[in-house]
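What follows is final18.txt (compact mmCIF, C-alpha atoms).
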```txt
# COMPACT_ATOMS: atom_id res chain seq x y z
CA MET A 1 -116.28 66.31 -107.34
CA LEU A 2 -118.73 68.05 -109.64
CA HIS A 3 -121.12 66.89 -112.34
CA ARG A 4 -122.91 69.68 -114.25
CA LYS A 5 -125.07 69.45 -117.31
CA ILE A 6 -127.90 71.03 -119.23
CA ILE A 7 -130.40 68.38 -120.29
CA ASP A 8 -132.00 69.13 -123.63
CA LEU A 9 -135.34 67.36 -123.28
CA LYS A 10 -135.59 66.86 -127.03
CA LYS A 11 -132.59 64.54 -126.78
CA GLU A 12 -132.57 63.00 -123.29
CA LYS A 13 -134.29 62.71 -119.91
CA ILE A 14 -133.35 64.02 -116.49
CA GLU A 15 -132.99 61.10 -114.06
CA VAL A 16 -132.70 61.04 -110.28
CA LYS A 17 -131.05 57.61 -110.36
CA LYS A 18 -128.00 59.04 -112.14
CA ALA A 19 -127.68 61.69 -109.42
CA GLU A 20 -127.91 59.04 -106.68
CA ASP A 21 -125.22 56.96 -108.37
CA PHE A 22 -122.91 59.95 -108.78
CA ILE A 23 -122.96 61.04 -105.14
CA SER A 24 -122.93 57.54 -103.69
CA SER A 25 -119.74 56.91 -101.70
CA SER A 26 -118.87 55.36 -98.34
CA LYS A 27 -116.74 58.37 -97.48
CA PHE A 28 -119.89 60.50 -97.15
CA GLY A 29 -122.27 60.11 -94.22
CA ALA A 30 -125.02 62.39 -95.53
CA SER A 31 -126.66 62.94 -98.85
CA LEU A 32 -129.49 65.14 -100.04
CA ILE A 33 -131.33 65.31 -103.34
CA PHE A 34 -133.21 68.50 -104.23
CA LYS A 35 -135.66 68.38 -107.13
CA GLY A 36 -137.36 71.40 -108.59
CA THR A 37 -140.67 70.50 -110.26
CA VAL A 38 -143.36 72.37 -112.17
CA ARG A 39 -146.34 73.30 -109.99
CA GLU A 40 -149.89 73.81 -111.16
CA ASN A 41 -150.46 77.33 -109.94
CA ASN A 42 -148.58 80.61 -110.09
CA LYS A 43 -150.03 83.95 -109.03
CA ASN A 44 -153.58 82.62 -109.31
CA LYS A 45 -153.05 81.33 -112.84
CA LYS A 46 -153.52 77.68 -113.69
CA VAL A 47 -150.22 76.48 -115.13
CA THR A 48 -150.07 73.58 -117.58
CA GLY A 49 -146.30 73.50 -118.11
CA ILE A 50 -143.11 75.53 -118.43
CA THR A 51 -140.69 75.91 -121.31
CA TYR A 52 -137.15 76.47 -120.06
CA ASP A 53 -134.58 78.33 -122.11
CA SER A 54 -130.88 78.44 -121.32
CA HIS A 55 -127.61 79.99 -122.44
CA ASP A 56 -125.87 76.65 -122.05
CA GLU A 57 -122.25 77.78 -121.93
CA LEU A 58 -122.90 80.56 -119.41
CA VAL A 59 -125.04 78.28 -117.27
CA ILE A 60 -122.32 75.63 -117.10
CA LYS A 61 -119.79 78.34 -116.31
CA SER A 62 -122.00 79.63 -113.48
CA PHE A 63 -122.38 76.10 -112.03
CA GLU A 64 -118.60 75.73 -112.03
CA GLU A 65 -118.09 79.12 -110.41
CA ILE A 66 -120.67 78.40 -107.70
CA TYR A 67 -119.06 75.02 -106.97
CA GLY A 68 -115.59 76.56 -107.03
CA GLU A 69 -116.35 79.22 -104.43
CA VAL A 70 -117.86 76.82 -101.88
CA ASP A 71 -114.46 75.95 -100.38
CA GLN A 72 -113.81 79.57 -99.53
CA LYS A 73 -117.30 80.81 -98.70
CA LEU A 74 -118.78 77.85 -96.86
CA LYS A 75 -115.61 76.02 -95.86
CA ILE A 76 -117.01 72.77 -97.25
CA LYS A 77 -114.10 70.95 -98.84
CA ASP A 78 -115.13 67.33 -98.99
CA LYS A 79 -118.22 66.97 -101.19
CA ALA A 80 -119.88 65.47 -104.23
CA VAL A 81 -122.15 67.84 -106.15
CA TYR A 82 -124.43 66.90 -109.03
CA ILE A 83 -126.31 69.68 -110.85
CA GLU A 84 -128.55 69.18 -113.85
CA HIS A 85 -131.05 71.68 -115.28
CA VAL A 86 -133.36 71.00 -118.16
CA LYS A 87 -134.18 73.04 -121.22
CA GLY A 88 -137.33 72.57 -123.26
CA TYR A 89 -140.93 71.85 -122.27
CA VAL A 90 -141.64 70.45 -118.80
CA GLY A 91 -145.12 69.27 -117.81
CA LEU A 92 -146.80 69.53 -114.40
CA GLY A 93 -144.96 67.66 -111.66
CA GLU A 94 -141.97 66.95 -113.87
CA ILE A 95 -138.42 67.79 -112.87
CA SER A 96 -136.68 70.97 -114.00
CA ILE A 97 -133.58 70.77 -111.82
CA ILE A 98 -131.72 68.24 -109.69
CA ILE A 99 -129.13 69.24 -107.13
CA ALA A 100 -127.67 66.22 -105.38
CA ILE A 101 -125.17 66.68 -102.58
CA ALA A 102 -123.08 64.32 -100.48
CA CYS A 103 -120.83 65.41 -97.61
CA PRO A 104 -119.35 63.76 -94.53
CA HIS A 105 -122.00 65.33 -92.24
CA ARG A 106 -125.68 66.33 -92.60
CA ALA A 107 -125.38 70.02 -91.71
CA GLU A 108 -123.08 70.63 -94.66
CA THR A 109 -125.46 69.00 -97.13
CA TYR A 110 -128.37 71.25 -96.12
CA ILE A 111 -126.24 74.39 -96.28
CA LEU A 112 -124.66 73.49 -99.59
CA SER A 113 -127.89 72.46 -101.32
CA ARG A 114 -129.63 75.69 -100.30
CA TYR A 115 -126.63 77.80 -101.29
CA ILE A 116 -126.43 76.26 -104.75
CA ILE A 117 -130.12 76.66 -105.65
CA GLU A 118 -130.21 80.27 -104.43
CA GLU A 119 -127.06 81.16 -106.38
CA ILE A 120 -128.37 79.46 -109.54
CA LYS A 121 -131.52 81.57 -109.31
CA LYS A 122 -129.43 84.73 -109.04
CA ARG A 123 -126.66 83.93 -111.50
CA SER A 124 -127.46 81.27 -114.07
CA PRO A 125 -128.96 82.46 -117.39
CA ILE A 126 -132.08 80.31 -117.44
CA TRP A 127 -135.53 81.56 -118.36
CA LYS A 128 -139.07 80.24 -117.88
CA LYS A 129 -142.05 80.60 -120.18
CA GLU A 130 -145.18 79.55 -118.36
CA HIS A 131 -148.07 78.00 -120.25
CA TYR A 132 -151.60 78.40 -118.96
CA GLU A 133 -154.91 76.59 -119.20
CA ASN A 134 -156.34 79.11 -121.68
CA GLU A 135 -153.44 78.36 -124.06
CA GLU A 136 -151.77 81.67 -123.30
CA SER A 137 -148.15 81.76 -122.29
CA GLU A 138 -145.80 84.28 -120.74
CA TRP A 139 -142.09 84.70 -120.08
CA LEU A 140 -141.70 85.17 -116.33
CA LYS A 141 -140.08 88.34 -115.06
CA GLY A 142 -136.63 87.59 -113.68
CA ASN A 143 -133.74 89.41 -112.08
CA PRO A 144 -131.22 91.35 -114.17
CA ILE A 145 -127.88 89.59 -114.27
CA GLN A 146 -125.04 91.39 -112.53
CA VAL A 147 -122.42 93.02 -114.79
CA ASN A 148 -119.05 93.43 -113.06
CA MET B 1 -119.59 94.46 -140.35
CA LYS B 2 -122.32 92.17 -139.09
CA VAL B 3 -123.40 91.72 -135.50
CA LYS B 4 -125.45 88.60 -134.92
CA LEU B 5 -127.52 89.07 -131.78
CA GLU B 6 -128.42 85.69 -130.29
CA LEU B 7 -131.79 85.77 -128.54
CA PHE B 8 -132.62 84.14 -125.22
CA GLY B 9 -135.61 84.11 -122.87
CA ALA B 10 -138.12 86.90 -123.36
CA SER B 11 -136.02 88.45 -126.15
CA ARG B 12 -136.93 85.47 -128.35
CA ASP B 13 -140.24 87.25 -128.97
CA LEU B 14 -138.33 89.79 -131.09
CA SER B 15 -137.94 87.36 -133.98
CA ASP B 16 -139.11 84.04 -135.39
CA LYS B 17 -135.45 83.10 -135.68
CA ASP B 18 -132.99 82.56 -132.83
CA PHE B 19 -131.15 85.75 -133.69
CA LEU B 20 -131.28 89.27 -135.12
CA GLU B 21 -128.68 90.61 -137.50
CA PHE B 22 -127.45 94.18 -137.60
CA ASN B 23 -125.26 95.69 -140.30
CA ILE B 24 -122.96 98.18 -138.64
CA GLU B 25 -120.68 100.61 -140.49
CA LYS B 26 -118.00 101.07 -137.84
CA LYS B 27 -117.11 99.81 -134.39
CA ILE B 28 -119.91 100.07 -131.91
CA SER B 29 -120.31 99.85 -128.13
CA ILE B 30 -122.89 97.65 -126.43
CA LYS B 31 -124.57 100.85 -125.27
CA ASP B 32 -125.07 101.92 -128.91
CA LEU B 33 -126.04 98.41 -129.98
CA LYS B 34 -128.83 98.60 -127.39
CA LYS B 35 -130.07 101.78 -129.09
CA LYS B 36 -130.10 99.98 -132.43
CA ILE B 37 -132.15 97.13 -130.96
CA ILE B 38 -134.59 99.65 -129.50
CA ASN B 39 -134.84 101.33 -132.94
CA TYR B 40 -135.63 97.90 -134.37
CA VAL B 41 -138.45 97.51 -131.81
CA ASP B 42 -139.76 100.98 -132.72
CA GLU B 43 -139.91 100.05 -136.40
CA LYS B 44 -140.97 96.44 -136.20
CA PHE B 45 -143.21 96.44 -133.10
CA LYS B 46 -144.44 100.06 -133.00
CA GLY B 47 -142.28 100.83 -129.98
CA ASN B 48 -143.70 98.02 -127.82
CA GLU B 49 -142.82 99.18 -124.29
CA ASN B 50 -142.52 95.65 -122.86
CA TYR B 51 -139.92 94.74 -125.48
CA LYS B 52 -138.02 97.97 -124.86
CA LYS B 53 -137.96 97.26 -121.14
CA ILE B 54 -136.55 93.80 -121.78
CA ILE B 55 -133.72 95.31 -123.81
CA GLU B 56 -133.03 98.05 -121.28
CA THR B 57 -132.75 95.55 -118.42
CA SER B 58 -130.72 92.96 -120.34
CA ALA B 59 -127.05 92.15 -119.98
CA PHE B 60 -124.97 91.08 -122.98
CA CYS B 61 -122.41 88.37 -123.48
CA SER B 62 -119.51 88.03 -125.88
CA GLU B 63 -118.74 85.21 -128.27
CA ASP B 64 -116.31 83.76 -125.72
CA ASN B 65 -119.09 83.62 -123.12
CA ASN B 66 -118.22 86.52 -120.87
CA ILE B 67 -120.75 89.02 -119.57
CA ILE B 68 -119.66 92.35 -121.02
CA SER B 69 -120.19 95.95 -119.93
CA GLU B 70 -121.95 98.69 -121.90
CA ASN B 71 -118.54 100.11 -122.83
CA TYR B 72 -117.43 96.92 -124.58
CA LYS B 73 -116.60 97.70 -128.21
CA ILE B 74 -117.51 95.42 -131.09
CA THR B 75 -114.88 95.88 -133.77
CA LYS B 76 -115.46 92.96 -136.15
CA ASP B 77 -118.14 90.48 -137.23
CA GLN B 78 -119.27 88.93 -133.99
CA LYS B 79 -121.98 87.02 -132.20
CA ILE B 80 -123.37 88.76 -129.13
CA GLY B 81 -125.89 87.17 -126.76
CA ILE B 82 -128.64 89.19 -125.14
CA ILE B 83 -129.29 88.06 -121.57
CA PRO B 84 -132.68 89.27 -120.29
CA PRO B 85 -133.40 89.15 -116.53
CA ILE B 86 -133.01 85.54 -115.39
CA GLY B 87 -134.91 83.14 -113.16
CA GLY B 88 -134.49 79.41 -113.53
CA GLY B 89 -134.76 76.58 -111.05
```
Is it possible to express this structure as structure tokens?
Amino acid sequence: MLHRKIIDLKKEKIEVKKAEDFISSSKFGASLIFKGTVRENNKNKKVTGITYDSHDELVIKSFEEIYGEVDQKLKIKDKAVYIEHVKGYVGLGEISIIIAIACPHRAETYILSRYIIEEIKKRSPIWKKEHYENEESEWLKGNPIQVN
Amino acid sequence: MKVKLELFGASRDLSDKDFLEFNIEKKISIKDLKKKIINYVDEKFKGNENYKKIIETSAFCSEDNNIISENYKITKDQKIGIIPPIGGG
């Protein structure tokens, strides 16, 4: 069971409650909610916020591919996975991503949550422009996407 | 034919719009399209090395949302997305 969405902050909010509701089920004995938030410092620069950009269709496709390969790679069949990533301006302490997981047992939730965030960082076309105290801003250097 | 290059991430600094448009006389590979974008940077941004590096390290994606290789040939009017190095989360 997968929910995946890009949240355009000009139109809607990202909400933890929706993630909790989605993964809630008595067939799962463990659940875990990962939130990525904007922190105030990066490489000794005082950050005031981040603008996220996204190639929406490719990002959704990458979320589906990551979810789809979990059966094979991690042998985790029974699961609820909720992934939302924002695009637009995010202030300090605000949420940029939610990954909510529910599985029958706790070990699977930790493994799956970590796997999904690491794969998103490697594979999902999302970009960050950091804004600083002095009103400067900068696109962060990322990793080239793999071309098969 | 016209190639509309949709801009994402750091490549957005190449234009005030969300895209660049290139008029191409005949079919063109992604490898050659990259050269055209670099020529554009030479003309418009005096060869800004940071912009060139972004283009050189970018992947490209087709209108049907597949990441395409440098050998991919554009043969008709098409939208192509430029995918600079990524890092969300």
Residues within 12 Å of Tyr51 of chain B, all atoms listed in the file, excluding chain neighbours under 5 positions, as an NGL selection string: (:A and (139)) or (:B and (9-15 or 34 or 37-42 or 44-46 or 56-58 or 84))
Kindly determine which residues of chain B lie within 12 Å of chain A, considering all atoms listed in the file, and give the answer as a PDB file with C-alpha atoms, keeping the file's coordinate frame.
```pdb
ATOM      1  CA  GLU B   6    -128.420  85.690-130.290  1.00  0.00           C
ATOM      2  CA  LEU B   7    -131.790  85.770-128.540  1.00  0.00           C
ATOM      3  CA  PHE B   8    -132.620  84.140-125.220  1.00  0.00           C
ATOM      4  CA  GLY B   9    -135.610  84.110-122.870  1.00  0.00           C
ATOM      5  CA  ALA B  10    -138.120  86.900-123.360  1.00  0.00           C
ATOM      6  CA  SER B  11    -136.020  88.450-126.150  1.00  0.00           C
ATOM      7  CA  ARG B  12    -136.930  85.470-128.350  1.00  0.00           C
ATOM      8  CA  ASP B  13    -140.240  87.250-128.970  1.00  0.00           C
ATOM      9  CA  ASP B  18    -132.990  82.560-132.830  1.00  0.00           C
ATOM     10  CA  ASN B  50    -142.520  95.650-122.860  1.00  0.00           C
ATOM     11  CA  TYR B  51    -139.920  94.740-125.480  1.00  0.00           C
ATOM     12  CA  LYS B  53    -137.960  97.260-121.140  1.00  0.00           C
ATOM     13  CA  ILE B  54    -136.550  93.800-121.780  1.00  0.00           C
ATOM     14  CA  ILE B  55    -133.720  95.310-123.810  1.00  0.00           C
ATOM     15  CA  GLU B  56    -133.030  98.050-121.280  1.00  0.00           C
ATOM     16  CA  THR B  57    -132.750  95.550-118.420  1.00  0.00           C
ATOM     17  CA  SER B  58    -130.720  92.960-120.340  1.00  0.00           C
ATOM     18  CA  ALA B  59    -127.050  92.150-119.980  1.00  0.00           C
ATOM     19  CA  PHE B  60    -124.970  91.080-122.980  1.00  0.00           C
ATOM     20  CA  CYS B  61    -122.410  88.370-123.480  1.00  0.00           C
ATOM     21  CA  SER B  62    -119.510  88.030-125.880  1.00  0.00           C
ATOM     22  CA  GLU B  63    -118.740  85.210-128.270  1.00  0.00           C
ATOM     23  CA  ASP B  64    -116.310  83.760-125.720  1.00  0.00           C
ATOM     24  CA  ASN B  65    -119.090  83.620-123.120  1.00  0.00           C
ATOM     25  CA  ASN B  66    -118.220  86.520-120.870  1.00  0.00           C
ATOM     26  CA  ILE B  67    -120.750  89.020-119.570  1.00  0.00           C
ATOM     27  CA  ILE B  68    -119.660  92.350-121.020  1.00  0.00           C
ATOM     28  CA  SER B  69    -120.190  95.950-119.930  1.00  0.00           C
ATOM     29  CA  GLU B  70    -121.950  98.690-121.900  1.00  0.00           C
ATOM     30  CA  ASN B  71    -118.540 100.110-122.830  1.00  0.00           C
ATOM     31  CA  TYR B  72    -117.430  96.920-124.580  1.00  0.00           C
ATOM     32  CA  ILE B  80    -123.370  88.760-129.130  1.00  0.00           C
ATOM     33  CA  GLY B  81    -125.890  87.170-126.760  1.00  0.00           C
ATOM     34  CA  ILE B  82    -128.640  89.190-125.140  1.00  0.00           C
ATOM     35  CA  ILE B  83    -129.290  88.060-121.570  1.00  0.00           C
ATOM     36  CA  PRO B  84    -132.680  89.270-120.290  1.00  0.00           C
ATOM     37  CA  PRO B  85    -133.400  89.150-116.530  1.00  0.00           C
ATOM     38  CA  ILE B  86    -133.010  85.540-115.390  1.00  0.00           C
ATOM     39  CA  GLY B  87    -134.910  83.140-113.160  1.00  0.00           C
ATOM     40  CA  GLY B  88    -134.490  79.410-113.530  1.00  0.00           C
ATOM     41  CA  GLY B  89    -134.760  76.580-111.050  1.00  0.00           C
TER      42      GLY B  89
END
```
Please identify all polymer residues within 12 Å of Ser26 of chain A, counting all atoms listed in the file, omitting same-chain residues fewer than 5 positions from it, and present them as a PDB file with C-alpha atoms, keeping the file's coordinate frame.
```pdb
ATOM      1  CA  ASP A  21    -125.220  56.960-108.370  1.00  0.00           C
ATOM      2  CA  SER A  31    -126.660  62.940 -98.850  1.00  0.00           C
ATOM      3  CA  LYS A  79    -118.220  66.970-101.190  1.00  0.00           C
ATOM      4  CA  ALA A  80    -119.880  65.470-104.230  1.00  0.00           C
ATOM      5  CA  ALA A 102    -123.080  64.320-100.480  1.00  0.00           C
ATOM      6  CA  CYS A 103    -120.830  65.410 -97.610  1.00  0.00           C
ATOM      7  CA  PRO A 104    -119.350  63.760 -94.530  1.00  0.00           C
TER       8      PRO A 104
END
```
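Residues in contact range of Lys79 of chain B, defined as at most 6 Å between only C-alpha atoms, with sequence neighbours fewer than 6 positions away removed, read B:Val3, B:Lys4, B:Leu5, B:Glu63.
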Those residues you just picked out, can you put them in a file as a tab-separated table (two decimals), in the frame of the given file with C-alpha atoms?
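Produced file selection-v6.tsv, reproduced below:
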```tsv
chain	number	residue	atom	x	y	z
B	3	VAL	CA	-123.40	91.72	-135.50
B	4	LYS	CA	-125.45	88.60	-134.92
B	5	LEU	CA	-127.52	89.07	-131.78
B	63	GLU	CA	-118.74	85.21	-128.27
```
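Distance annotation: of B:Lys52, B:Lys17, B:Lys2, B:Lys36, the residue with the minimal separation from Ile74 of chain B is B:Lys2; atom set is all atoms listed in the file.
Here atom CA of Arg114 of chain A stands at a distance of 12.3 Å from atom CA of Val81 of chain A.
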Quick one: distance from atom CA of Gly91 of chain A to atom CA of Phe19 of chain B in Å, one decimal? 26.8 Å
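Rounded to one decimal, atom CA of Ile30 of chain B and atom CA of Glu43 of chain B lie 19.9 Å from each other.
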